[in-house]
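Student: Next up is a structure, given as structure tokens.
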Amino acid sequence: MSKLLIEGVSRTFAGVRGGEPVRALRPVELSVSANDFITILGPSGCGKSTLLRIVAGLEAPSTGRVLLDGKAVTRPGPDRGMVFQSYTLFPWLTVAENIGFGLREQGRPERERNEIVASYVDLVGLRGFENHWPKQLSGGMQQRTAIARALANDPAILLLDEPFGALDNQTRGLMQELLLGIWERRKKTVLFVTHDIEEAIFMASRVIVMSARPGRIKSDVPVDLPHPRHYTLKTSPEFSALKAQLTEDIRIEAMRTAQEQSA
Amino acid sequence: MLRPLHPVAPGTRTVLGIAFFVLFVAFWAWITLGGHVNRIFLADPLSMLKDGWRLLTEDRFWLDILITIWRVFGGFVLASIVAVPIGIAMGAWKPVEAFLEPFVSFARYLPASAFIPLLILWAGIGELEKLLVIFVGSVFQIILIIAVKVGATRRDLVEAAYTLGATDNGIVKRVIMPANAPEIAETLRLVLGWAWTYVIVAELIGSSSGIGYMIINSQSRLATGQIIFGIIVIGLIGLLSDFAFKALNRWLYPWSLA
Ligand SMILES: Nc1ncnc2c1ncn2[C@@H]1O[C@H](COP(=O)(O)OP(=O)(O)OP(=O)(O)O)[C@@H](O)[C@H]1O
Ligand SMILES: [Mg+2]
């Protein structure tokens with residue numbers, strides 16, 4: 001049985017000030033098995049964030065439904081951890097308090113909370129920064145904290161919306177390895193949105209390519225590269241072949257977007 | 001040399017700030033001591049100080065000061081206790097806002113000073129009336145500003161909290177309130193400044209104590225030195241309480257500092 005089932009999910013936004021309604025997403029069908037690492041790749045504006053927000057329960061689909069472990073998603077909940085593209089740490093809480101936020105909301109006792117928080121602080125390499133405020137951290141550290149905060153709830157699925165989009169290349173590479181390392185050790189079902197092709201292949205066990213807006217799934221490419229993965233993988237021939245294939249797919253979609261916008 | 005938005009060195013800033021006070025007092029001394037205005041209408045700085053000293057040592061003016069401070073803080077605390085929860089409720093729950101916002105916006109423009117005759121009828125000329133003037137003057141302002149601030153809470157933080165399992169109740173208590181606490185404190189600091197204006201107006205009418213009373217009393221005796229001393233005392237206390245409030249906010253909300 002699949003862990004996550006997306007059935008005919010589409011989304012149309014009402015037009016702004018009497019304008020035409022915006023179709024962000026055409027009906028999407030997707031079935032995700034447990035412990036899969038799915039990356040969703042698509043040109044800007046194709047509805048990736050919209051799809052992820054629907055899975056998170058932050059947005060209602062216009063049609064269709066999302067099932068997690070057979071249960072329909074109607075509202076956000078701690079079984080679906082989310083890491084946003086923008087920095088969303090709570091500025092009034094320290095790193096440790098941010099990571100423990102979800103546990104606290106669920107009323108877990110303080111002792112237990114502290115233990116779990118400490119283990120996630122170590123997992124994302126933030127020991128020594130537990131008592132810093134978010135604004136005292138670099139962007140990469142903030143996103144590591146956000147990942148730890150989402151993981152600390154032990155969600156059934158982890159949703160990431162371009163979590164490394166705002167980081168420089170080196171940091172981004174390190175973060176990819178860090179997240180992948182966590183996934184390899186802890187096994188988790190992950191939906192990871194990105195528009196970076198290398199990132200999509202490197203992280204994924206399956207890459208979903210979306211078409212230009214209104215988005216739908218254009219192709220579904222399994223990535224059978226061995227684990228554990230090391231950044232040197234990015235220069236291997238198998239990787240390059242996949243990259244060439246996906247680049248072509250994406251290029252067609254990006255061109256369609258550009259044409260649409262100039263038309 | 002003067003580049004737009006270019007910061008000024010801290011030392012220079014202090015010197016410039018004090019320089020204006022010096023210039024101001026010098027000008028005042030020049031027109032009064034130099035005989036350019038009639039002394040009946042404007043006392044010179046020296047006699048102002050002399051009058052002030054006499055007020056404090058002989059007329060027990062410090063009692064008036066204390067009673068005025070107590071009125072300001074009493075009325076202000078009352079207004080805050082009522083207004084902060086209502087403002088948060090309006091910002092957080094839109095039906096509450098729809099229900100109260102039109103009335104509060106209207107009430108905000110009712111001048112507190114125009115209520116004084118009515119409040120005197122209702123509450124007499126005792127302490128309660130003074131507190132009520134400040135209350136009426138502050139409460140609607142606080143409600144409205146806080147409702148707007150709370151309504152503008154970062155949606156992404158609220159969404160993040162929901163995905164972490166927060167309940168609606170948890171969102172209000174552990175996201176909306178802490179996220180806005182520094183802004184709420186800043187609002188209160190601002191409104192406290194206005195409360196000083198209301199208290200003096202309240203004391204000018206139907207009062208037998210307080211700084212405002214001393215001022216209106218001095219007017220009939222043409223004691224302009226005393227009036228000016230009273231005004232300066234208000235300014236100084238306002239400045240001090242503002243400093244204290246700022247320091248308190250900095251201490252309470254270190255995370256919000258740039
Ligand atoms: N709340 C909304 N109201 C109206 N239109 C919206 C809303 N949210 C998204 N859209 C539209 O839906 C489309 C898809 O948006 P979405 O944010 O899902 O794109 P995306 O694939 O995540 O893009 P990016 O890679 O730039 O983040 C866009 O055209 C956007 O303008
Ligand atoms: Mg997006």
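All residue names refer to the structure tokens as shown: chains lettered A, B, ... in order, residues numbered from 1 in each chain, ligands numbered from 1 in order.
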Which chain A residues are at most 6 Å from chain B (counting only C-alpha atoms), as a PDB file with N, CA, C and O atoms, in the first residue's frame?
Tutor:
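Okay, this is what ended up in part21.pdb:
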ATOM      1  N   PRO A  76      -3.865  21.029   8.298  1.00  0.00           N
ATOM      2  CA  PRO A  76      -2.473  20.746   8.636  1.00  0.00           C
ATOM      3  C   PRO A  76      -2.369  19.951   9.931  1.00  0.00           C
ATOM      4  O   PRO A  76      -3.250  20.039  10.791  1.00  0.00           O
ATOM      5  N   GLY A  77      -1.320  19.171  10.060  1.00  0.00           N
ATOM      6  CA  GLY A  77      -1.150  18.399  11.282  1.00  0.00           C
ATOM      7  C   GLY A  77       0.282  17.932  11.442  1.00  0.00           C
ATOM      8  O   GLY A  77       1.073  17.993  10.499  1.00  0.00           O
ATOM      9  N   PRO A  78       0.629  17.476  12.631  1.00  0.00           N
ATOM     10  CA  PRO A  78       2.018  17.123  12.927  1.00  0.00           C
ATOM     11  C   PRO A  78       2.500  15.865  12.206  1.00  0.00           C
ATOM     12  O   PRO A  78       3.690  15.567  12.243  1.00  0.00           O
ATOM     13  N   GLY A  81       5.315  17.041   8.345  1.00  0.00           N
ATOM     14  CA  GLY A  81       6.247  18.121   8.677  1.00  0.00           C
ATOM     15  C   GLY A  81       6.573  18.910   7.428  1.00  0.00           C
ATOM     16  O   GLY A  81       6.652  18.362   6.341  1.00  0.00           O
ATOM     17  N   THR A  88      11.195  30.474   8.377  1.00  0.00           N
ATOM     18  CA  THR A  88       9.993  30.554   9.216  1.00  0.00           C
ATOM     19  C   THR A  88      10.260  30.105  10.649  1.00  0.00           C
ATOM     20  O   THR A  88       9.355  29.635  11.326  1.00  0.00           O
ATOM     21  N   TRP A  92      11.156  34.574  18.375  1.00  0.00           N
ATOM     22  CA  TRP A  92      11.203  34.785  19.828  1.00  0.00           C
ATOM     23  C   TRP A  92      11.665  33.527  20.561  1.00  0.00           C
ATOM     24  O   TRP A  92      11.777  33.535  21.777  1.00  0.00           O
ATOM     25  N   GLY A 102       6.996  21.756  18.297  1.00  0.00           N
ATOM     26  CA  GLY A 102       5.933  20.794  18.008  1.00  0.00           C
ATOM     27  C   GLY A 102       5.696  19.851  19.176  1.00  0.00           C
ATOM     28  O   GLY A 102       4.550  19.534  19.518  1.00  0.00           O
ATOM     29  N   GLU A 105       3.692  21.625  21.730  1.00  0.00           N
ATOM     30  CA  GLU A 105       2.286  21.750  21.343  1.00  0.00           C
ATOM     31  C   GLU A 105       1.533  20.456  21.605  1.00  0.00           C
ATOM     32  O   GLU A 105       0.341  20.455  21.859  1.00  0.00           O
TER      33      GLU A 105
END
Student: Just the residues within 9 Å of stretch 119-123 of chain A, please, counting only C-alpha atoms, with nothing from its chain fewer than 5 positions along; format it as a compact mmCIF listing (two decimals) with all heavy atoms, in the first residue's frame.
Tutor:
# COMPACT_ATOMS: atom_id res chain seq x y z
N VAL A 95 17.07 28.38 19.20
CA VAL A 95 17.18 27.21 18.31
C VAL A 95 16.56 25.99 18.98
O VAL A 95 15.70 25.31 18.41
CB VAL A 95 18.66 26.95 17.97
CG1 VAL A 95 18.84 25.58 17.34
CG2 VAL A 95 19.16 28.03 17.02
N ALA A 96 16.93 25.73 20.24
CA ALA A 96 16.41 24.55 20.92
C ALA A 96 14.90 24.64 21.11
O ALA A 96 14.17 23.66 20.90
CB ALA A 96 17.09 24.39 22.28
N ILE A 99 13.13 23.92 17.85
CA ILE A 99 13.08 22.49 17.53
C ILE A 99 12.05 21.78 18.40
O ILE A 99 11.37 20.85 17.98
CB ILE A 99 14.49 21.87 17.68
CG1 ILE A 99 15.45 22.51 16.67
CG2 ILE A 99 14.46 20.36 17.48
CD1 ILE A 99 16.89 22.07 16.80
N ASN A 114 13.45 17.62 26.05
CA ASN A 114 14.85 18.03 26.03
C ASN A 114 15.73 16.98 25.39
O ASN A 114 16.66 17.29 24.64
CB ASN A 114 15.33 18.33 27.45
CG ASN A 114 14.67 19.59 27.99
OD1 ASN A 114 14.12 20.39 27.21
ND2 ASN A 114 14.71 19.76 29.30
N GLY A 128 26.07 23.75 20.36
CA GLY A 128 26.73 25.01 20.67
C GLY A 128 25.90 26.22 20.27
O GLY A 128 26.18 27.34 20.67
N PHE A 129 24.85 25.98 19.46
CA PHE A 129 24.01 27.10 19.03
C PHE A 129 22.60 26.99 19.60
O PHE A 129 21.71 27.72 19.20
CB PHE A 129 23.93 27.15 17.50
CG PHE A 129 25.23 27.56 16.87
CD1 PHE A 129 26.14 26.59 16.47
CD2 PHE A 129 25.55 28.88 16.72
CE1 PHE A 129 27.34 26.96 15.90
CE2 PHE A 129 26.75 29.26 16.16
CZ PHE A 129 27.66 28.30 15.75
N GLU A 130 22.40 26.06 20.55
CA GLU A 130 21.05 25.80 21.06
C GLU A 130 20.38 27.06 21.57
O GLU A 130 19.17 27.22 21.45
CB GLU A 130 21.10 24.79 22.22
CG GLU A 130 21.56 23.40 21.84
CD GLU A 130 23.03 23.21 22.07
OE1 GLU A 130 23.79 24.21 21.95
OE2 GLU A 130 23.45 22.08 22.36
N THR A 145 17.91 24.23 11.27
CA THR A 145 17.02 24.25 12.43
C THR A 145 15.59 23.92 12.01
O THR A 145 14.89 23.15 12.68
CB THR A 145 17.05 25.63 13.11
OG1 THR A 145 18.40 26.01 13.31
CG2 THR A 145 16.33 25.61 14.44
N ALA A 148 15.29 20.26 11.47
CA ALA A 148 15.25 19.57 12.77
C ALA A 148 13.90 19.77 13.44
O ALA A 148 13.33 18.85 14.04
CB ALA A 148 16.36 20.10 13.68
N ARG A 149 13.35 20.98 13.32
CA ARG A 149 12.06 21.29 13.93
C ARG A 149 10.96 20.41 13.34
O ARG A 149 10.10 19.90 14.05
CB ARG A 149 11.74 22.77 13.69
CG ARG A 149 10.45 23.24 14.30
CD ARG A 149 10.25 24.72 14.10
NE ARG A 149 9.93 25.04 12.71
CZ ARG A 149 9.57 26.26 12.29
NH1 ARG A 149 9.52 27.26 13.14
NH2 ARG A 149 9.30 26.48 11.02
N LEU A 151 11.48 17.49 11.79
CA LEU A 151 11.76 16.07 12.07
C LEU A 151 11.47 15.69 13.51
O LEU A 151 11.13 14.54 13.80
CB LEU A 151 13.22 15.75 11.75
CG LEU A 151 13.59 15.61 10.27
CD1 LEU A 151 15.10 15.47 10.13
CD2 LEU A 151 12.89 14.40 9.66
N ALA A 152 11.62 16.65 14.42
CA ALA A 152 11.48 16.34 15.85
C ALA A 152 10.09 15.79 16.17
O ALA A 152 9.91 15.06 17.14
CB ALA A 152 11.77 17.58 16.69
N LEU A 178 23.77 16.57 3.97
CA LEU A 178 23.28 16.42 5.34
C LEU A 178 21.88 15.80 5.35
O LEU A 178 21.63 14.81 6.05
CB LEU A 178 23.25 17.80 6.02
CG LEU A 178 22.66 17.80 7.43
CD1 LEU A 178 23.78 17.71 8.45
CD2 LEU A 178 21.82 19.04 7.68
N ILE A 182 20.69 12.06 6.66
CA ILE A 182 19.64 11.81 7.65
C ILE A 182 18.64 10.82 7.10
O ILE A 182 18.23 9.86 7.77
CB ILE A 182 18.93 13.15 8.02
CG1 ILE A 182 19.90 14.07 8.75
CG2 ILE A 182 17.71 12.87 8.88
CD1 ILE A 182 19.34 15.45 9.02
Student: Which of stretch 76-118 of chain B end up as alpha helix (DSSP H) when DSSP is run on this backbone - answer as JSON, numbers by chain?
Tutor: {"B": [76, 77, 78, 79, 80, 81, 82, 83, 84, 85, 86, 87, 88, 89, 90, 91, 92, 94, 95, 96, 97, 98, 99, 100, 101, 102, 103, 104, 105, 106, 107, 108, 116, 117, 118]}
Student: In Å, with one decimal, what is the gap from atom CA of B:Leu121 to atom CA of B:Leu78?
Tutor: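 Taking atom CA of B:Leu121 and atom CA of B:Leu78, their separation equals 20.7 Å.
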Student: Could I get the residue neighbourhood of ligand 1 at 10 Å, counting only C-alpha atoms and all ligand atoms, as a PyMOL selection string?
Tutor: chain A and resi 11-16+21-25+40-54+59+85+161-162+165+193-196+210-215
Student: Emit the selected residues as a PDB file, in the first residue's frame, including C-alpha atoms.
Tutor:
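What follows is the written file selection_39.pdb:
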ATOM      1  CA  ARG A  11      -6.365  23.811  -7.864  1.00  0.00           C
ATOM      2  CA  THR A  12      -7.854  26.907  -9.424  1.00  0.00           C
ATOM      3  CA  PHE A  13      -7.462  30.268  -7.729  1.00  0.00           C
ATOM      4  CA  ALA A  14     -10.268  32.791  -7.978  1.00  0.00           C
ATOM      5  CA  GLY A  15      -9.380  35.729 -10.210  1.00  0.00           C
ATOM      6  CA  VAL A  16      -8.038  38.822  -8.538  1.00  0.00           C
ATOM      7  CA  PRO A  21      -9.400  32.563 -12.457  1.00  0.00           C
ATOM      8  CA  VAL A  22      -5.864  31.151 -12.323  1.00  0.00           C
ATOM      9  CA  ARG A  23      -5.507  27.436 -12.960  1.00  0.00           C
ATOM     10  CA  ALA A  24      -2.430  26.560 -10.967  1.00  0.00           C
ATOM     11  CA  LEU A  25      -2.674  22.785 -11.097  1.00  0.00           C
ATOM     12  CA  ILE A  40       9.319  17.436  -7.655  1.00  0.00           C
ATOM     13  CA  LEU A  41      10.973  19.394 -10.419  1.00  0.00           C
ATOM     14  CA  GLY A  42       9.311  22.043 -12.524  1.00  0.00           C
ATOM     15  CA  PRO A  43       9.605  25.543 -13.936  1.00  0.00           C
ATOM     16  CA  SER A  44       8.700  28.511 -11.797  1.00  0.00           C
ATOM     17  CA  GLY A  45       4.979  29.040 -11.327  1.00  0.00           C
ATOM     18  CA  CYS A  46       3.960  25.521 -12.327  1.00  0.00           C
ATOM     19  CA  GLY A  47       2.191  24.850  -9.048  1.00  0.00           C
ATOM     20  CA  LYS A  48       4.841  22.955  -7.073  1.00  0.00           C
ATOM     21  CA  SER A  49       4.285  24.967  -3.916  1.00  0.00           C
ATOM     22  CA  THR A  50       0.536  24.729  -4.397  1.00  0.00           C
ATOM     23  CA  LEU A  51       0.719  20.927  -4.598  1.00  0.00           C
ATOM     24  CA  LEU A  52       2.899  20.720  -1.514  1.00  0.00           C
ATOM     25  CA  ARG A  53       0.647  23.064   0.441  1.00  0.00           C
ATOM     26  CA  ILE A  54      -2.348  20.921  -0.460  1.00  0.00           C
ATOM     27  CA  GLU A  59      -4.591  24.797   1.081  1.00  0.00           C
ATOM     28  CA  GLN A  85      11.308  28.147   1.245  1.00  0.00           C
ATOM     29  CA  ASP A 161       9.552  23.459  -0.507  1.00  0.00           C
ATOM     30  CA  GLU A 162      12.836  24.549  -2.079  1.00  0.00           C
ATOM     31  CA  GLY A 165      16.734  27.837  -2.636  1.00  0.00           C
ATOM     32  CA  VAL A 193      10.302  20.512  -4.279  1.00  0.00           C
ATOM     33  CA  THR A 194      13.115  22.105  -6.240  1.00  0.00           C
ATOM     34  CA  HIS A 195      13.829  23.731  -9.569  1.00  0.00           C
ATOM     35  CA  ASP A 196      17.476  22.680  -9.506  1.00  0.00           C
ATOM     36  CA  MET A 210       5.932  18.905 -13.780  1.00  0.00           C
ATOM     37  CA  SER A 211       4.763  20.716 -16.866  1.00  0.00           C
ATOM     38  CA  ALA A 212       4.431  24.462 -17.196  1.00  0.00           C
ATOM     39  CA  ARG A 213       1.388  26.077 -15.617  1.00  0.00           C
ATOM     40  CA  PRO A 214      -1.203  24.793 -15.149  1.00  0.00           C
ATOM     41  CA  GLY A 215       1.004  22.062 -13.755  1.00  0.00           C
TER      42      GLY A 215
END
Student: Find the spatial neighbours of A:Ile157, counting only C-alpha atoms, within a cut-off of 12 Å - ignore same-chain residues fewer than 4 positions away - and output them as number ranges by chain.
Tutor: A: 3-5, 32-38, 52, 55-56, 67-69, 77-83, 150-151, 153, 183, 187-192; B: 163
Student: From the options A:Gly100, A:Gly57, A:Lys234, A:Arg127, which residue's atoms come nearest to A:Leu159, counting only C-alpha atoms?
Tutor: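 Closest to A:Leu159 of all the choices is A:Gly57.
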Student: For stretch 54-59 of chain B, please output as JSON, numbers by chain all residues within 10 Å (counting only C-alpha atoms; exclusion window: fewer than 5 positions along the same chain).
Tutor: {"B": [48, 49, 64, 65, 214, 226, 229, 230]}
Student: Would you output that residue set with C-alpha atoms, as a short mmCIF file (atom, residue, chain, number, x, y, z; two decimals), in the first residue's frame?
Tutor:
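Saved file selection.cif follows:
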data_model
loop_
_atom_site.label_atom_id
_atom_site.label_comp_id
_atom_site.auth_asym_id
_atom_site.auth_seq_id
_atom_site.Cartn_x
_atom_site.Cartn_y
_atom_site.Cartn_z
CA MET B 48 11.73 80.09 36.76
CA LEU B 49 14.32 78.05 38.67
CA ASP B 64 1.30 67.33 43.21
CA ILE B 65 3.89 65.62 41.07
CA MET B 214 -0.72 74.13 40.02
CA GLN B 226 5.80 78.42 38.00
CA PHE B 229 8.54 74.99 35.73
CA GLY B 230 5.44 72.76 35.81
#
Student: Within 10 Å of A:Gly173, counting only C-alpha atoms, which residues show up once you throw out same-chain ones fewer than 3 positions away? Write them as JSON, numbers by chain, please.
Tutor: {"A": [164, 167, 168, 169, 170, 176, 177, 178, 199, 202, 231]}
Student: Output N, CA, C and O atoms for every residue in the selection just made, as a PDB file, in the first residue's frame.
Tutor:
ATOM      1  N   PHE A 164      16.531  24.859   0.156  1.00  0.00           N
ATOM      2  CA  PHE A 164      17.880  25.399   0.024  1.00  0.00           C
ATOM      3  C   PHE A 164      17.958  26.455  -1.061  1.00  0.00           C
ATOM      4  O   PHE A 164      19.030  26.862  -1.489  1.00  0.00           O
ATOM      5  N   LEU A 167      20.172  29.560  -0.567  1.00  0.00           N
ATOM      6  CA  LEU A 167      21.542  29.384  -0.081  1.00  0.00           C
ATOM      7  C   LEU A 167      22.546  29.425  -1.226  1.00  0.00           C
ATOM      8  O   LEU A 167      22.214  29.136  -2.372  1.00  0.00           O
ATOM      9  N   ASP A 168      23.790  29.767  -0.888  1.00  0.00           N
ATOM     10  CA  ASP A 168      24.824  29.752  -1.921  1.00  0.00           C
ATOM     11  C   ASP A 168      25.161  28.300  -2.277  1.00  0.00           C
ATOM     12  O   ASP A 168      24.809  27.373  -1.566  1.00  0.00           O
ATOM     13  N   ASN A 169      25.878  28.130  -3.402  1.00  0.00           N
ATOM     14  CA  ASN A 169      26.123  26.805  -3.940  1.00  0.00           C
ATOM     15  C   ASN A 169      26.818  25.840  -2.993  1.00  0.00           C
ATOM     16  O   ASN A 169      26.412  24.693  -2.861  1.00  0.00           O
ATOM     17  N   GLN A 170      27.871  26.323  -2.302  1.00  0.00           N
ATOM     18  CA  GLN A 170      28.620  25.434  -1.416  1.00  0.00           C
ATOM     19  C   GLN A 170      27.716  24.966  -0.274  1.00  0.00           C
ATOM     20  O   GLN A 170      27.637  23.770   0.022  1.00  0.00           O
ATOM     21  N   GLN A 176      22.485  19.414   1.118  1.00  0.00           N
ATOM     22  CA  GLN A 176      21.945  18.246   0.420  1.00  0.00           C
ATOM     23  C   GLN A 176      22.501  16.966   1.025  1.00  0.00           C
ATOM     24  O   GLN A 176      21.765  16.012   1.296  1.00  0.00           O
ATOM     25  N   GLU A 177      23.818  16.964   1.247  1.00  0.00           N
ATOM     26  CA  GLU A 177      24.434  15.763   1.814  1.00  0.00           C
ATOM     27  C   GLU A 177      23.925  15.495   3.226  1.00  0.00           C
ATOM     28  O   GLU A 177      23.681  14.355   3.612  1.00  0.00           O
ATOM     29  N   LEU A 178      23.766  16.571   3.966  1.00  0.00           N
ATOM     30  CA  LEU A 178      23.277  16.421   5.340  1.00  0.00           C
ATOM     31  C   LEU A 178      21.883  15.797   5.352  1.00  0.00           C
ATOM     32  O   LEU A 178      21.634  14.806   6.047  1.00  0.00           O
ATOM     33  N   GLU A 199      20.080  18.966  -8.004  1.00  0.00           N
ATOM     34  CA  GLU A 199      19.570  18.707  -6.663  1.00  0.00           C
ATOM     35  C   GLU A 199      18.478  17.636  -6.722  1.00  0.00           C
ATOM     36  O   GLU A 199      18.446  16.709  -5.913  1.00  0.00           O
ATOM     37  N   PHE A 202      20.174  14.214  -7.353  1.00  0.00           N
ATOM     38  CA  PHE A 202      21.064  13.800  -6.276  1.00  0.00           C
ATOM     39  C   PHE A 202      20.289  13.283  -5.070  1.00  0.00           C
ATOM     40  O   PHE A 202      20.667  12.288  -4.450  1.00  0.00           O
ATOM     41  N   TYR A 231      28.996  13.588  -2.850  1.00  0.00           N
ATOM     42  CA  TYR A 231      28.842  14.645  -3.857  1.00  0.00           C
ATOM     43  C   TYR A 231      29.552  14.301  -5.171  1.00  0.00           C
ATOM     44  O   TYR A 231      29.183  14.798  -6.222  1.00  0.00           O
TER      45      TYR A 231
END
Student: Write out as a VMD selection string all residues of stretch 142-234 of chain A that backbone DSSP assigns to strand (DSSP E).
Tutor: chain A and resid 157 to 161 189 to 194 206 to 210 217 to 222
Student: Output the selection as a short mmCIF file (atom, residue, chain, number, x, y, z; two decimals), in the first residue's frame - N, CA, C and O atoms for each residue.
Tutor:
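Result file again39.cif:
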data_model
loop_
_atom_site.label_atom_id
_atom_site.label_comp_id
_atom_site.auth_asym_id
_atom_site.auth_seq_id
_atom_site.Cartn_x
_atom_site.Cartn_y
_atom_site.Cartn_z
N ILE A 157 5.47 11.95 7.02
CA ILE A 157 6.06 12.40 5.76
C ILE A 157 6.65 13.78 5.96
O ILE A 157 6.14 14.58 6.74
N LEU A 158 7.76 14.03 5.26
CA LEU A 158 8.43 15.33 5.38
C LEU A 158 8.26 16.07 4.05
O LEU A 158 8.57 15.52 2.98
N LEU A 159 7.74 17.29 4.10
CA LEU A 159 7.51 18.09 2.91
C LEU A 159 8.50 19.25 2.90
O LEU A 159 8.58 19.99 3.87
N LEU A 160 9.26 19.38 1.82
CA LEU A 160 10.23 20.47 1.76
C LEU A 160 10.01 21.27 0.49
O LEU A 160 10.03 20.72 -0.61
N ASP A 161 9.81 22.58 0.63
CA ASP A 161 9.55 23.46 -0.51
C ASP A 161 10.79 24.30 -0.78
O ASP A 161 11.00 25.32 -0.13
N THR A 189 9.57 9.15 4.56
CA THR A 189 8.97 9.48 3.26
C THR A 189 9.12 10.98 3.06
O THR A 189 8.77 11.76 3.95
N VAL A 190 9.67 11.36 1.91
CA VAL A 190 9.98 12.77 1.69
C VAL A 190 9.44 13.25 0.35
O VAL A 190 9.57 12.56 -0.66
N LEU A 191 8.80 14.41 0.36
CA LEU A 191 8.47 15.13 -0.88
C LEU A 191 9.32 16.39 -0.88
O LEU A 191 9.22 17.20 0.04
N PHE A 192 10.13 16.55 -1.90
CA PHE A 192 11.10 17.64 -1.92
C PHE A 192 10.93 18.42 -3.21
O PHE A 192 11.14 17.89 -4.29
N VAL A 193 10.51 19.67 -3.10
CA VAL A 193 10.30 20.51 -4.28
C VAL A 193 11.57 21.29 -4.59
O VAL A 193 12.22 21.81 -3.69
N THR A 194 11.93 21.34 -5.86
CA THR A 194 13.12 22.11 -6.24
C THR A 194 12.98 22.51 -7.70
O THR A 194 12.18 21.96 -8.44
N ARG A 206 13.06 9.05 -6.81
CA ARG A 206 12.17 9.25 -7.94
C ARG A 206 12.05 10.74 -8.20
O ARG A 206 11.80 11.49 -7.27
N VAL A 207 12.23 11.14 -9.44
CA VAL A 207 12.04 12.56 -9.80
C VAL A 207 10.73 12.70 -10.55
O VAL A 207 10.47 11.98 -11.52
N ILE A 208 9.87 13.59 -10.06
CA ILE A 208 8.63 13.90 -10.76
C ILE A 208 8.82 15.22 -11.49
O ILE A 208 9.14 16.23 -10.84
N VAL A 209 8.67 15.22 -12.79
CA VAL A 209 8.80 16.47 -13.54
C VAL A 209 7.42 17.02 -13.82
O VAL A 209 6.55 16.29 -14.31
N MET A 210 7.24 18.29 -13.53
CA MET A 210 5.93 18.90 -13.78
C MET A 210 5.99 19.79 -15.01
O MET A 210 7.01 20.37 -15.33
N ILE A 217 1.73 16.26 -13.98
CA ILE A 217 2.95 15.46 -13.98
C ILE A 217 3.30 15.08 -15.40
O ILE A 217 2.50 14.48 -16.12
N LYS A 218 4.48 15.49 -15.82
CA LYS A 218 4.90 15.25 -17.20
C LYS A 218 5.68 13.96 -17.29
O LYS A 218 5.49 13.18 -18.19
N SER A 219 6.60 13.74 -16.37
CA SER A 219 7.29 12.46 -16.38
C SER A 219 7.67 12.06 -14.96
O SER A 219 7.68 12.87 -14.04
N ASP A 220 7.96 10.80 -14.81
CA ASP A 220 8.19 10.19 -13.51
C ASP A 220 9.42 9.31 -13.68
O ASP A 220 9.35 8.25 -14.29
N VAL A 221 10.55 9.79 -13.20
CA VAL A 221 11.83 9.15 -13.52
C VAL A 221 12.45 8.51 -12.27
O VAL A 221 12.80 9.21 -11.33
N PRO A 222 12.57 7.18 -12.23
CA PRO A 222 13.22 6.56 -11.09
C PRO A 222 14.73 6.83 -11.11
O PRO A 222 15.32 6.89 -12.20
#
Student: With only C-alpha atoms as the counted atoms, please give the residues lying no more than 12 Å from stretch 232-241 of chain B, apart from itself and same-chain residues fewer than 2 positions off, as a PyMOL selection string.
Tutor: chain B and resi 45+48-49+52-53+55-56+61-62+64-66+68-69+72-73+188-197+199-200+210-212+214-215+225-230+243-248
Student: In Å, rounded to a single decimal, give me how far atom CA of A:Gln142 is from atom CA of A:Thr94.
Tutor: 11.0 Å
Student: So which residues touch B:Ser207 within 10 Å, counting only C-alpha atoms, skipping near sequence neighbours fewer than 6 positions away, as a PyMOL selection string?
Tutor: chain B and resi 125-127+129-130+213-214+216
Student: Just give me the gap between atom CA of A:Leu180 and atom CA of A:Ala204 in Å, one decimal is fine.
Tutor: 9.0 Å
Student: Considering only C-alpha atoms and all ligand atoms, state which residue in the set A:Ser86, A:Ile197, A:Leu179, A:Asn98 is at the smallest distance from ligand 2.
Tutor: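 Among A:Ser86, A:Ile197, A:Leu179, A:Asn98, it is A:Ser86 that comes nearest to ligand 2.
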